[in-house]
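Enquirer: The file below is protein.pdb, PDB, C-alpha atoms:
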ATOM      1  CA  ASP F 116      41.050  65.611  57.864  1.00  0.00           C
ATOM      2  CA  GLY F 117      40.468  64.577  61.461  1.00  0.00           C
ATOM      3  CA  GLY F 118      42.585  65.778  64.313  1.00  0.00           C
ATOM      4  CA  ILE F 119      43.309  68.493  66.814  1.00  0.00           C
ATOM      5  CA  THR F 120      44.075  72.044  65.862  1.00  0.00           C
ATOM      6  CA  GLN F 121      45.584  74.744  68.007  1.00  0.00           C
ATOM      7  CA  SER F 122      45.785  78.422  67.236  1.00  0.00           C
ATOM      8  CA  PRO F 123      47.656  80.599  67.021  1.00  0.00           C
ATOM      9  CA  LYS F 124      51.032  78.958  66.467  1.00  0.00           C
ATOM     10  CA  TYR F 125      52.763  81.886  68.189  1.00  0.00           C
ATOM     11  CA  LEU F 126      51.204  84.280  70.698  1.00  0.00           C
ATOM     12  CA  PHE F 127      52.660  87.350  72.319  1.00  0.00           C
ATOM     13  CA  ARG F 128      51.417  88.620  75.633  1.00  0.00           C
ATOM     14  CA  LYS F 129      51.946  92.015  77.166  1.00  0.00           C
ATOM     15  CA  GLU F 130      52.278  92.547  80.899  1.00  0.00           C
ATOM     16  CA  GLY F 131      48.912  92.387  82.665  1.00  0.00           C
ATOM     17  CA  GLN F 132      47.118  90.976  79.643  1.00  0.00           C
ATOM     18  CA  ASN F 133      44.931  87.888  79.480  1.00  0.00           C
ATOM     19  CA  VAL F 134      45.336  85.761  76.368  1.00  0.00           C
ATOM     20  CA  THR F 135      43.311  82.801  75.128  1.00  0.00           C
ATOM     21  CA  LEU F 136      44.695  79.767  73.321  1.00  0.00           C
ATOM     22  CA  SER F 137      42.342  77.847  71.089  1.00  0.00           C
ATOM     23  CA  CYS F 138      42.035  74.052  70.902  1.00  0.00           C
ATOM     24  CA  GLU F 139      39.540  72.318  68.628  1.00  0.00           C
ATOM     25  CA  GLN F 140      39.098  68.620  67.859  1.00  0.00           C
ATOM     26  CA  ASN F 141      36.866  66.780  65.412  1.00  0.00           C
ATOM     27  CA  LEU F 142      37.658  63.303  66.733  1.00  0.00           C
ATOM     28  CA  ASN F 143      34.449  63.133  68.788  1.00  0.00           C
ATOM     29  CA  HIS F 144      36.569  62.668  71.907  1.00  0.00           C
ATOM     30  CA  ASP F 145      35.055  63.298  75.318  1.00  0.00           C
ATOM     31  CA  ALA F 146      38.244  64.078  77.232  1.00  0.00           C
ATOM     32  CA  MET F 147      40.532  67.019  76.548  1.00  0.00           C
ATOM     33  CA  TYR F 148      43.735  68.169  78.244  1.00  0.00           C
ATOM     34  CA  TRP F 149      46.019  71.197  78.432  1.00  0.00           C
ATOM     35  CA  TYR F 150      49.732  70.797  79.118  1.00  0.00           C
ATOM     36  CA  ARG F 151      52.583  73.210  79.565  1.00  0.00           C
ATOM     37  CA  GLN F 152      56.098  72.348  78.370  1.00  0.00           C
ATOM     38  CA  ASP F 153      59.167  74.326  79.389  1.00  0.00           C
ATOM     39  CA  PRO F 154      62.480  73.997  77.480  1.00  0.00           C
ATOM     40  CA  GLY F 155      64.096  70.616  77.962  1.00  0.00           C
ATOM     41  CA  GLN F 156      61.282  69.455  80.197  1.00  0.00           C
ATOM     42  CA  GLY F 157      58.411  67.045  80.101  1.00  0.00           C
ATOM     43  CA  LEU F 158      54.770  68.041  80.009  1.00  0.00           C
ATOM     44  CA  ARG F 159      52.863  69.241  83.056  1.00  0.00           C
ATOM     45  CA  LEU F 160      49.080  69.074  83.242  1.00  0.00           C
ATOM     46  CA  ILE F 161      47.265  72.390  83.619  1.00  0.00           C
ATOM     47  CA  TYR F 162      43.578  71.464  83.308  1.00  0.00           C
ATOM     48  CA  TYR F 163      41.556  68.595  81.936  1.00  0.00           C
ATOM     49  CA  SER F 164      37.958  67.935  81.049  1.00  0.00           C
ATOM     50  CA  GLN F 165      36.316  64.545  80.785  1.00  0.00           C
ATOM     51  CA  ILE F 166      32.942  65.789  79.604  1.00  0.00           C
ATOM     52  CA  VAL F 167      31.235  68.936  78.404  1.00  0.00           C
ATOM     53  CA  ASN F 168      30.585  71.559  81.100  1.00  0.00           C
ATOM     54  CA  ASP F 169      32.986  69.901  83.526  1.00  0.00           C
ATOM     55  CA  PHE F 170      36.718  70.312  84.089  1.00  0.00           C
ATOM     56  CA  GLN F 171      39.318  69.700  86.795  1.00  0.00           C
ATOM     57  CA  LYS F 172      42.556  71.340  87.816  1.00  0.00           C
ATOM     58  CA  GLY F 173      45.780  69.607  86.979  1.00  0.00           C
ATOM     59  CA  ASP F 174      49.123  70.018  88.709  1.00  0.00           C
ATOM     60  CA  ILE F 175      49.794  73.646  87.733  1.00  0.00           C
ATOM     61  CA  ALA F 176      46.387  75.323  87.337  1.00  0.00           C
ATOM     62  CA  GLU F 177      47.226  78.596  89.100  1.00  0.00           C
ATOM     63  CA  GLY F 178      47.063  81.562  86.728  1.00  0.00           C
ATOM     64  CA  TYR F 179      45.070  79.646  84.101  1.00  0.00           C
ATOM     65  CA  SER F 180      41.375  79.172  83.374  1.00  0.00           C
ATOM     66  CA  VAL F 181      39.409  76.987  80.950  1.00  0.00           C
ATOM     67  CA  SER F 182      35.897  76.395  79.700  1.00  0.00           C
ATOM     68  CA  ARG F 183      34.235  73.423  78.036  1.00  0.00           C
ATOM     69  CA  GLU F 184      30.967  74.617  76.548  1.00  0.00           C
ATOM     70  CA  LYS F 185      31.218  72.390  73.479  1.00  0.00           C
ATOM     71  CA  LYS F 186      32.599  68.909  73.034  1.00  0.00           C
ATOM     72  CA  GLU F 187      34.892  70.052  70.232  1.00  0.00           C
ATOM     73  CA  SER F 188      36.440  73.020  71.994  1.00  0.00           C
ATOM     74  CA  PHE F 189      38.572  73.520  75.117  1.00  0.00           C
ATOM     75  CA  PRO F 190      40.081  77.021  75.191  1.00  0.00           C
ATOM     76  CA  LEU F 191      42.762  77.945  77.712  1.00  0.00           C
ATOM     77  CA  THR F 192      43.099  81.473  79.095  1.00  0.00           C
ATOM     78  CA  VAL F 193      46.444  82.534  80.490  1.00  0.00           C
ATOM     79  CA  THR F 194      45.608  85.253  82.972  1.00  0.00           C
ATOM     80  CA  SER F 195      47.719  88.114  84.257  1.00  0.00           C
ATOM     81  CA  ALA F 196      48.087  86.127  87.491  1.00  0.00           C
ATOM     82  CA  GLN F 197      50.399  83.698  85.669  1.00  0.00           C
ATOM     83  CA  LYS F 198      53.737  85.390  86.279  1.00  0.00           C
ATOM     84  CA  ASN F 199      55.863  83.143  84.096  1.00  0.00           C
ATOM     85  CA  PRO F 200      53.714  82.280  81.097  1.00  0.00           C
ATOM     86  CA  THR F 201      56.472  81.830  78.507  1.00  0.00           C
ATOM     87  CA  ALA F 202      56.208  78.181  77.447  1.00  0.00           C
ATOM     88  CA  PHE F 203      54.967  75.788  74.781  1.00  0.00           C
ATOM     89  CA  TYR F 204      51.315  74.862  75.335  1.00  0.00           C
ATOM     90  CA  LEU F 205      49.947  71.556  74.089  1.00  0.00           C
ATOM     91  CA  CYS F 206      46.352  70.445  73.882  1.00  0.00           C
ATOM     92  CA  ALA F 207      45.353  66.799  73.681  1.00  0.00           C
ATOM     93  CA  SER F 208      42.213  64.719  73.504  1.00  0.00           C
ATOM     94  CA  ARG F 209      41.348  61.160  74.368  1.00  0.00           C
ATOM     95  CA  GLY F 210      38.442  58.970  73.397  1.00  0.00           C
ATOM     96  CA  THR F 211      36.530  57.139  76.110  1.00  0.00           C
ATOM     97  CA  GLY F 212      35.201  53.628  75.798  1.00  0.00           C
ATOM     98  CA  GLY F 213      38.608  52.033  76.089  1.00  0.00           C
ATOM     99  CA  GLY F 214      40.709  54.623  74.288  1.00  0.00           C
ATOM    100  CA  GLU F 215      43.744  55.292  76.423  1.00  0.00           C
ATOM    101  CA  THR F 216      46.134  57.146  74.183  1.00  0.00           C
ATOM    102  CA  GLN F 217      46.107  60.891  73.855  1.00  0.00           C
ATOM    103  CA  TYR F 218      46.193  62.726  70.537  1.00  0.00           C
ATOM    104  CA  PHE F 219      48.084  65.997  70.569  1.00  0.00           C
ATOM    105  CA  GLY F 220      47.719  69.237  68.687  1.00  0.00           C
ATOM    106  CA  PRO F 221      50.719  71.042  67.147  1.00  0.00           C
ATOM    107  CA  GLY F 222      51.113  73.427  70.092  1.00  0.00           C
ATOM    108  CA  THR F 223      51.119  77.176  70.729  1.00  0.00           C
ATOM    109  CA  ARG F 224      54.269  78.991  71.764  1.00  0.00           C
ATOM    110  CA  LEU F 225      53.504  81.861  74.136  1.00  0.00           C
ATOM    111  CA  LEU F 226      56.034  84.641  74.538  1.00  0.00           C
ATOM    112  CA  VAL F 227      55.940  87.663  76.804  1.00  0.00           C
ATOM    113  CA  LEU F 228      56.734  91.085  75.352  1.00  0.00           C
TER     114      LEU F 228
ATOM    115  CA  SER G   8      54.320  66.082  89.959  1.00  0.00           C
ATOM    116  CA  GLN G   9      56.747  64.257  87.706  1.00  0.00           C
ATOM    117  CA  GLN G  10      56.363  60.504  88.087  1.00  0.00           C
ATOM    118  CA  GLY G  11      58.815  59.359  85.449  1.00  0.00           C
ATOM    119  CA  GLU G  12      62.545  59.727  85.347  1.00  0.00           C
ATOM    120  CA  GLU G  13      64.209  59.068  82.021  1.00  0.00           C
ATOM    121  CA  ASP G  14      67.720  58.006  81.311  1.00  0.00           C
ATOM    122  CA  PRO G  15      69.777  59.097  79.517  1.00  0.00           C
ATOM    123  CA  GLN G  16      68.702  62.725  79.092  1.00  0.00           C
ATOM    124  CA  ALA G  17      70.483  62.825  75.739  1.00  0.00           C
ATOM    125  CA  LEU G  18      71.695  60.134  73.363  1.00  0.00           C
ATOM    126  CA  SER G  19      73.705  60.468  70.157  1.00  0.00           C
ATOM    127  CA  ILE G  20      74.233  57.482  67.850  1.00  0.00           C
ATOM    128  CA  GLN G  21      75.091  56.665  64.259  1.00  0.00           C
ATOM    129  CA  GLU G  22      72.465  55.629  61.756  1.00  0.00           C
ATOM    130  CA  GLY G  23      71.936  51.864  61.845  1.00  0.00           C
ATOM    131  CA  GLU G  24      72.749  51.520  65.536  1.00  0.00           C
ATOM    132  CA  ASN G  25      70.195  50.649  68.192  1.00  0.00           C
ATOM    133  CA  ALA G  26      68.972  53.225  70.710  1.00  0.00           C
ATOM    134  CA  THR G  27      67.805  52.312  74.201  1.00  0.00           C
ATOM    135  CA  MET G  28      65.986  54.689  76.516  1.00  0.00           C
ATOM    136  CA  ASN G  29      64.934  53.918  80.062  1.00  0.00           C
ATOM    137  CA  CYS G  30      62.097  55.188  82.220  1.00  0.00           C
ATOM    138  CA  SER G  31      61.525  54.682  85.930  1.00  0.00           C
ATOM    139  CA  TYR G  32      58.404  55.555  87.870  1.00  0.00           C
ATOM    140  CA  LYS G  33      57.340  55.686  91.491  1.00  0.00           C
ATOM    141  CA  THR G  34      53.782  54.408  92.003  1.00  0.00           C
ATOM    142  CA  SER G  35      51.591  51.600  90.698  1.00  0.00           C
ATOM    143  CA  ILE G  36      50.407  52.104  87.154  1.00  0.00           C
ATOM    144  CA  ASN G  37      47.581  51.010  84.899  1.00  0.00           C
ATOM    145  CA  ASN G  38      49.689  51.356  81.768  1.00  0.00           C
ATOM    146  CA  LEU G  39      52.799  53.067  80.462  1.00  0.00           C
ATOM    147  CA  GLN G  40      53.002  54.861  77.136  1.00  0.00           C
ATOM    148  CA  TRP G  41      55.815  56.165  74.981  1.00  0.00           C
ATOM    149  CA  TYR G  42      55.477  59.307  72.905  1.00  0.00           C
ATOM    150  CA  ARG G  43      57.737  61.004  70.399  1.00  0.00           C
ATOM    151  CA  GLN G  44      58.128  64.749  69.858  1.00  0.00           C
ATOM    152  CA  ASN G  45      59.899  66.346  66.948  1.00  0.00           C
ATOM    153  CA  SER G  46      61.386  69.731  67.755  1.00  0.00           C
ATOM    154  CA  GLY G  47      58.696  72.371  68.266  1.00  0.00           C
ATOM    155  CA  ARG G  48      55.852  70.006  67.435  1.00  0.00           C
ATOM    156  CA  GLY G  49      53.139  68.089  69.225  1.00  0.00           C
ATOM    157  CA  LEU G  50      53.565  64.603  70.634  1.00  0.00           C
ATOM    158  CA  VAL G  51      52.832  61.439  68.721  1.00  0.00           C
ATOM    159  CA  HIS G  52      51.832  58.239  70.480  1.00  0.00           C
ATOM    160  CA  LEU G  53      54.187  55.324  69.780  1.00  0.00           C
ATOM    161  CA  ILE G  54      53.199  52.380  71.933  1.00  0.00           C
ATOM    162  CA  LEU G  55      51.252  51.434  75.075  1.00  0.00           C
ATOM    163  CA  ILE G  56      52.120  48.604  77.424  1.00  0.00           C
ATOM    164  CA  ARG G  57      49.758  47.518  80.162  1.00  0.00           C
ATOM    165  CA  SER G  58      50.811  46.648  83.705  1.00  0.00           C
ATOM    166  CA  ASN G  59      50.212  42.917  83.083  1.00  0.00           C
ATOM    167  CA  GLU G  60      52.401  42.875  79.957  1.00  0.00           C
ATOM    168  CA  ARG G  61      56.164  42.449  79.919  1.00  0.00           C
ATOM    169  CA  GLU G  62      57.118  43.178  76.332  1.00  0.00           C
ATOM    170  CA  LYS G  63      55.547  44.685  73.262  1.00  0.00           C
ATOM    171  CA  HIS G  64      56.715  45.258  69.690  1.00  0.00           C
ATOM    172  CA  SER G  65      55.692  47.687  67.007  1.00  0.00           C
ATOM    173  CA  GLY G  66      57.810  47.756  63.863  1.00  0.00           C
ATOM    174  CA  ARG G  67      61.341  48.744  64.913  1.00  0.00           C
ATOM    175  CA  LEU G  68      60.182  49.561  68.450  1.00  0.00           C
ATOM    176  CA  ARG G  69      60.417  47.199  71.386  1.00  0.00           C
ATOM    177  CA  VAL G  70      59.133  48.167  74.808  1.00  0.00           C
ATOM    178  CA  THR G  71      59.669  46.235  78.014  1.00  0.00           C
ATOM    179  CA  LEU G  72      58.032  46.759  81.383  1.00  0.00           C
ATOM    180  CA  ASP G  73      59.264  45.500  84.747  1.00  0.00           C
ATOM    181  CA  THR G  74      56.655  46.365  87.369  1.00  0.00           C
ATOM    182  CA  SER G  75      58.762  44.902  90.185  1.00  0.00           C
ATOM    183  CA  LYS G  76      61.493  47.444  89.392  1.00  0.00           C
ATOM    184  CA  LYS G  77      59.007  50.114  88.290  1.00  0.00           C
ATOM    185  CA  SER G  78      60.882  50.606  85.051  1.00  0.00           C
ATOM    186  CA  SER G  79      60.419  50.449  81.306  1.00  0.00           C
ATOM    187  CA  SER G  80      62.726  50.625  78.327  1.00  0.00           C
ATOM    188  CA  LEU G  81      62.221  51.642  74.718  1.00  0.00           C
ATOM    189  CA  LEU G  82      64.501  50.100  72.117  1.00  0.00           C
ATOM    190  CA  ILE G  83      64.648  51.504  68.593  1.00  0.00           C
ATOM    191  CA  THR G  84      66.460  49.101  66.283  1.00  0.00           C
ATOM    192  CA  ALA G  85      68.334  50.017  63.111  1.00  0.00           C
ATOM    193  CA  SER G  86      67.919  53.725  63.790  1.00  0.00           C
ATOM    194  CA  ARG G  87      67.474  56.273  61.015  1.00  0.00           C
ATOM    195  CA  ALA G  88      68.208  59.989  60.872  1.00  0.00           C
ATOM    196  CA  ALA G  89      64.431  60.520  60.844  1.00  0.00           C
ATOM    197  CA  ASP G  90      64.251  59.001  64.346  1.00  0.00           C
ATOM    198  CA  THR G  91      65.936  62.133  65.699  1.00  0.00           C
ATOM    199  CA  ALA G  92      63.451  63.494  68.253  1.00  0.00           C
ATOM    200  CA  SER G  93      62.646  63.606  71.963  1.00  0.00           C
ATOM    201  CA  TYR G  94      61.046  60.533  73.464  1.00  0.00           C
ATOM    202  CA  PHE G  95      58.824  60.646  76.550  1.00  0.00           C
ATOM    203  CA  CYS G  96      57.416  57.961  78.754  1.00  0.00           C
ATOM    204  CA  ALA G  97      54.080  58.658  80.393  1.00  0.00           C
ATOM    205  CA  THR G  98      52.267  56.667  83.027  1.00  0.00           C
ATOM    206  CA  VAL G  99      48.585  56.253  83.748  1.00  0.00           C
ATOM    207  CA  LEU G 100      48.169  55.561  87.438  1.00  0.00           C
ATOM    208  CA  SER G 101      46.127  52.663  88.758  1.00  0.00           C
ATOM    209  CA  GLY G 102      42.474  53.621  89.143  1.00  0.00           C
ATOM    210  CA  ASN G 103      43.097  56.901  87.380  1.00  0.00           C
ATOM    211  CA  THR G 104      40.815  58.579  84.884  1.00  0.00           C
ATOM    212  CA  GLY G 105      43.285  58.739  82.037  1.00  0.00           C
ATOM    213  CA  LYS G 106      45.615  61.449  83.244  1.00  0.00           C
ATOM    214  CA  LEU G 107      49.128  61.028  81.879  1.00  0.00           C
ATOM    215  CA  ILE G 108      52.169  61.829  83.979  1.00  0.00           C
ATOM    216  CA  PHE G 109      55.193  62.507  81.810  1.00  0.00           C
ATOM    217  CA  GLY G 110      58.875  62.018  82.356  1.00  0.00           C
ATOM    218  CA  GLN G 111      61.356  64.674  81.297  1.00  0.00           C
ATOM    219  CA  GLY G 112      62.279  62.883  78.105  1.00  0.00           C
ATOM    220  CA  THR G 113      65.327  61.593  76.256  1.00  0.00           C
ATOM    221  CA  THR G 114      66.632  63.606  73.329  1.00  0.00           C
ATOM    222  CA  LEU G 115      67.870  61.270  70.614  1.00  0.00           C
ATOM    223  CA  GLN G 116      70.138  62.389  67.799  1.00  0.00           C
ATOM    224  CA  VAL G 117      70.799  59.934  64.977  1.00  0.00           C
ATOM    225  CA  LYS G 118      73.698  60.993  62.792  1.00  0.00           C
ATOM    226  CA  PRO G 119      73.558  60.026  59.118  1.00  0.00           C
TER     227      PRO G 119
END
With the file now loaded, output its structure as structure tokens.
Expert:
Amino acid sequence: DGGITQSPKYLFRKEGQNVTLSCEQNLNHDAMYWYRQDPGQGLRLIYYSQIVNDFQKGDIAEGYSVSREKKESFPLTVTSAQKNPTAFYLCASRGTGGGETQYFGPGTRLLVL
Amino acid sequence: SQQGEEDPQALSIQEGENATMNCSYKTSINNLQWYRQNSGRGLVHLILIRSNEREKHSGRLRVTLDTSKKSSSLLITASRAADTASYFCATVLSGNTGKLIFGQGTTLQVKP
């Protein structure tokens, strides 16, 4: 069953805590993306990676960090510097070689305790 | 930065009616895409229209693109209750590396 998986579905963060959201894909896609969605809003790009061991900041990278050590995996860490982390986080991937659409995971909802 | 503006923000229709959603953008694009999101779920790609295309069809979906007005519309014909969802337009800028810039979306409710 090919696709993108995100875990966990729900995540609770305490004040001052770093938390990591998982994103895995078995589509053999080179590019991967992290978006944040606030209620009633569109998606805003946090970070993206076009190839292993390389990534770029998106529009709202402050308070977040990523790594891309494997093609299949693009974890997102929400650090304590992100003062308003409550949101729905979506991961996506895109194939190169002419593929222009993005394939999305089911999302992780992050809540602050 | 939000490139797309969608109109209306919310739309409520009866089953069987047509639904039209509009999207405007600000800068030159390579292509424009429409995505659908069911409540609390990920996005699903619906259709892509390139900057040199004016109209595209996929099943009950019809998308138009007017680059002179920097606008696009999504028409869903003969709507069904299962079409209830949020619909987003997303643009890929000219010369860009595949980054999508999303509008704020239109929430569609189809009443049975």
Enquirer: Within 8 Å of chain G, which residues of chain F are there when counting all atoms listed in the file? Please give them as a list in words.
Expert: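 Here is what falls inside 8 Å: Gly155, Gln156, Gly157, Leu158, Arg159, Leu160, Asp174, Leu205, Glu215, Thr216, Gln217, Tyr218, Phe219, Gly220, Pro221 and Gly222 of chain F.
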Enquirer: Can you work out the spacing between atom CA of Ser31 of chain G and atom CA of Gln171 of chain F in Å, to one decimal?
Expert: 26.8 Å
Enquirer: Given the PyMOL selection byres ((chain F and resi 134) around 10) and the file above, list the residues it selects as a PDB file with C-alpha atoms, in the frame of the given file.
Expert:
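To be explicit, this is the file written out as part14.pdb:
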ATOM      1  CA  LEU F 126      51.204  84.280  70.698  1.00  0.00           C
ATOM      2  CA  PHE F 127      52.660  87.350  72.319  1.00  0.00           C
ATOM      3  CA  ARG F 128      51.417  88.620  75.633  1.00  0.00           C
ATOM      4  CA  LYS F 129      51.946  92.015  77.166  1.00  0.00           C
ATOM      5  CA  GLY F 131      48.912  92.387  82.665  1.00  0.00           C
ATOM      6  CA  GLN F 132      47.118  90.976  79.643  1.00  0.00           C
ATOM      7  CA  ASN F 133      44.931  87.888  79.480  1.00  0.00           C
ATOM      8  CA  THR F 135      43.311  82.801  75.128  1.00  0.00           C
ATOM      9  CA  LEU F 136      44.695  79.767  73.321  1.00  0.00           C
ATOM     10  CA  SER F 137      42.342  77.847  71.089  1.00  0.00           C
ATOM     11  CA  TYR F 179      45.070  79.646  84.101  1.00  0.00           C
ATOM     12  CA  LEU F 191      42.762  77.945  77.712  1.00  0.00           C
ATOM     13  CA  THR F 192      43.099  81.473  79.095  1.00  0.00           C
ATOM     14  CA  VAL F 193      46.444  82.534  80.490  1.00  0.00           C
ATOM     15  CA  THR F 194      45.608  85.253  82.972  1.00  0.00           C
ATOM     16  CA  SER F 195      47.719  88.114  84.257  1.00  0.00           C
ATOM     17  CA  LEU F 225      53.504  81.861  74.136  1.00  0.00           C
TER      18      LEU F 225
END
Enquirer: Here's the selection I'm unsure about, the PyMOL selection byres ((chain G and resi 60) around 12); applied to the file above, which residues does it give, as a PyMOL selection string?
Expert: chain G and resi 36-39+55-59+61-64+70-74+79
Enquirer: Apply the PyMOL selection byres ((chain F and resi 186-189) around 8) to the file shown and report the selected residues as an NGL selection string.
Expert: :F and (137-141 or 143-145 or 147 or 166-167 or 181-185 or 190-191)
Enquirer: Could you check the closest approach to Leu81 of chain G for each of G:Ser19, G:Pro119, G:Arg43, G:Leu100 and tell me which residue wins, using only C-alpha atoms?
Expert: G:Arg43
Enquirer: How many Å lie between atom CA of Lys198 of chain F and atom CA of Glu130 of chain F, rounded to one decimal?
Expert: 9.1 Å
Enquirer: Where atoms are absent from segment 187-210 of chain F, fill them in so it carries N, CA and C atoms, then output it as a PDB file, in the frame of the given file.
Expert:
ATOM      1  N   GLU F 187      33.768  69.901  71.147  1.00  0.00           N
ATOM      2  CA  GLU F 187      34.892  70.052  70.232  1.00  0.00           C
ATOM      3  C   GLU F 187      35.932  71.053  70.706  1.00  0.00           C
ATOM      4  N   SER F 188      35.607  71.870  71.689  1.00  0.00           N
ATOM      5  CA  SER F 188      36.440  73.020  71.994  1.00  0.00           C
ATOM      6  C   SER F 188      36.821  73.094  73.468  1.00  0.00           C
ATOM      7  N   PHE F 189      38.082  73.442  73.733  1.00  0.00           N
ATOM      8  CA  PHE F 189      38.572  73.520  75.117  1.00  0.00           C
ATOM      9  C   PHE F 189      39.593  74.655  75.189  1.00  0.00           C
ATOM     10  N   PRO F 190      39.138  75.898  75.181  1.00  0.00           N
ATOM     11  CA  PRO F 190      40.081  77.021  75.191  1.00  0.00           C
ATOM     12  C   PRO F 190      40.729  77.225  76.554  1.00  0.00           C
ATOM     13  N   LEU F 191      41.975  77.671  76.508  1.00  0.00           N
ATOM     14  CA  LEU F 191      42.762  77.945  77.712  1.00  0.00           C
ATOM     15  C   LEU F 191      43.071  79.435  77.773  1.00  0.00           C
ATOM     16  N   THR F 192      42.748  80.066  78.896  1.00  0.00           N
ATOM     17  CA  THR F 192      43.099  81.473  79.095  1.00  0.00           C
ATOM     18  C   THR F 192      44.263  81.563  80.058  1.00  0.00           C
ATOM     19  N   VAL F 193      45.298  82.255  79.627  1.00  0.00           N
ATOM     20  CA  VAL F 193      46.444  82.534  80.490  1.00  0.00           C
ATOM     21  C   VAL F 193      46.206  83.915  81.076  1.00  0.00           C
ATOM     22  N   THR F 194      45.972  83.983  82.358  1.00  0.00           N
ATOM     23  CA  THR F 194      45.608  85.253  82.972  1.00  0.00           C
ATOM     24  C   THR F 194      46.843  86.026  83.408  1.00  0.00           C
ATOM     25  N   SER F 195      46.614  87.264  83.792  1.00  0.00           N
ATOM     26  CA  SER F 195      47.719  88.114  84.257  1.00  0.00           C
ATOM     27  C   SER F 195      48.303  87.598  85.566  1.00  0.00           C
ATOM     28  N   ALA F 196      47.585  86.706  86.243  1.00  0.00           N
ATOM     29  CA  ALA F 196      48.087  86.127  87.491  1.00  0.00           C
ATOM     30  C   ALA F 196      49.200  85.106  87.248  1.00  0.00           C
ATOM     31  N   GLN F 197      49.327  84.644  86.006  1.00  0.00           N
ATOM     32  CA  GLN F 197      50.399  83.698  85.669  1.00  0.00           C
ATOM     33  C   GLN F 197      51.653  84.517  85.398  1.00  0.00           C
ATOM     34  N   LYS F 198      52.578  84.492  86.331  1.00  0.00           N
ATOM     35  CA  LYS F 198      53.737  85.390  86.279  1.00  0.00           C
ATOM     36  C   LYS F 198      54.840  84.916  85.357  1.00  0.00           C
ATOM     37  N   ASN F 199      54.829  83.663  84.981  1.00  0.00           N
ATOM     38  CA  ASN F 199      55.863  83.143  84.096  1.00  0.00           C
ATOM     39  C   ASN F 199      55.216  82.336  82.979  1.00  0.00           C
ATOM     40  N   PRO F 200      54.509  83.009  82.078  1.00  0.00           N
ATOM     41  CA  PRO F 200      53.714  82.280  81.097  1.00  0.00           C
ATOM     42  C   PRO F 200      54.488  81.783  79.872  1.00  0.00           C
ATOM     43  N   THR F 201      55.722  82.219  79.701  1.00  0.00           N
ATOM     44  CA  THR F 201      56.472  81.830  78.507  1.00  0.00           C
ATOM     45  C   THR F 201      56.693  80.325  78.507  1.00  0.00           C
ATOM     46  N   ALA F 202      56.134  79.642  77.519  1.00  0.00           N
ATOM     47  CA  ALA F 202      56.208  78.181  77.447  1.00  0.00           C
ATOM     48  C   ALA F 202      55.556  77.732  76.145  1.00  0.00           C
ATOM     49  N   PHE F 203      55.627  76.441  75.916  1.00  0.00           N
ATOM     50  CA  PHE F 203      54.967  75.788  74.781  1.00  0.00           C
ATOM     51  C   PHE F 203      53.742  75.089  75.351  1.00  0.00           C
ATOM     52  N   TYR F 204      52.558  75.403  74.804  1.00  0.00           N
ATOM     53  CA  TYR F 204      51.315  74.862  75.335  1.00  0.00           C
ATOM     54  C   TYR F 204      50.747  73.830  74.367  1.00  0.00           C
ATOM     55  N   LEU F 205      50.443  72.660  74.904  1.00  0.00           N
ATOM     56  CA  LEU F 205      49.947  71.556  74.089  1.00  0.00           C
ATOM     57  C   LEU F 205      48.577  71.130  74.565  1.00  0.00           C
ATOM     58  N   CYS F 206      47.696  70.936  73.619  1.00  0.00           N
ATOM     59  CA  CYS F 206      46.352  70.445  73.882  1.00  0.00           C
ATOM     60  C   CYS F 206      46.270  69.004  73.402  1.00  0.00           C
ATOM     61  N   ALA F 207      45.505  68.190  74.083  1.00  0.00           N
ATOM     62  CA  ALA F 207      45.353  66.799  73.681  1.00  0.00           C
ATOM     63  C   ALA F 207      43.918  66.355  73.927  1.00  0.00           C
ATOM     64  N   SER F 208      43.530  65.290  73.262  1.00  0.00           N
ATOM     65  CA  SER F 208      42.213  64.719  73.504  1.00  0.00           C
ATOM     66  C   SER F 208      42.342  63.210  73.593  1.00  0.00           C
ATOM     67  N   ARG F 209      41.338  62.616  74.189  1.00  0.00           N
ATOM     68  CA  ARG F 209      41.348  61.160  74.368  1.00  0.00           C
ATOM     69  C   ARG F 209      39.922  60.653  74.260  1.00  0.00           C
ATOM     70  N   GLY F 210      39.755  59.568  73.512  1.00  0.00           N
ATOM     71  CA  GLY F 210      38.442  58.970  73.397  1.00  0.00           C
ATOM     72  C   GLY F 210      38.149  58.115  74.607  1.00  0.00           C
TER      73      GLY F 210
END
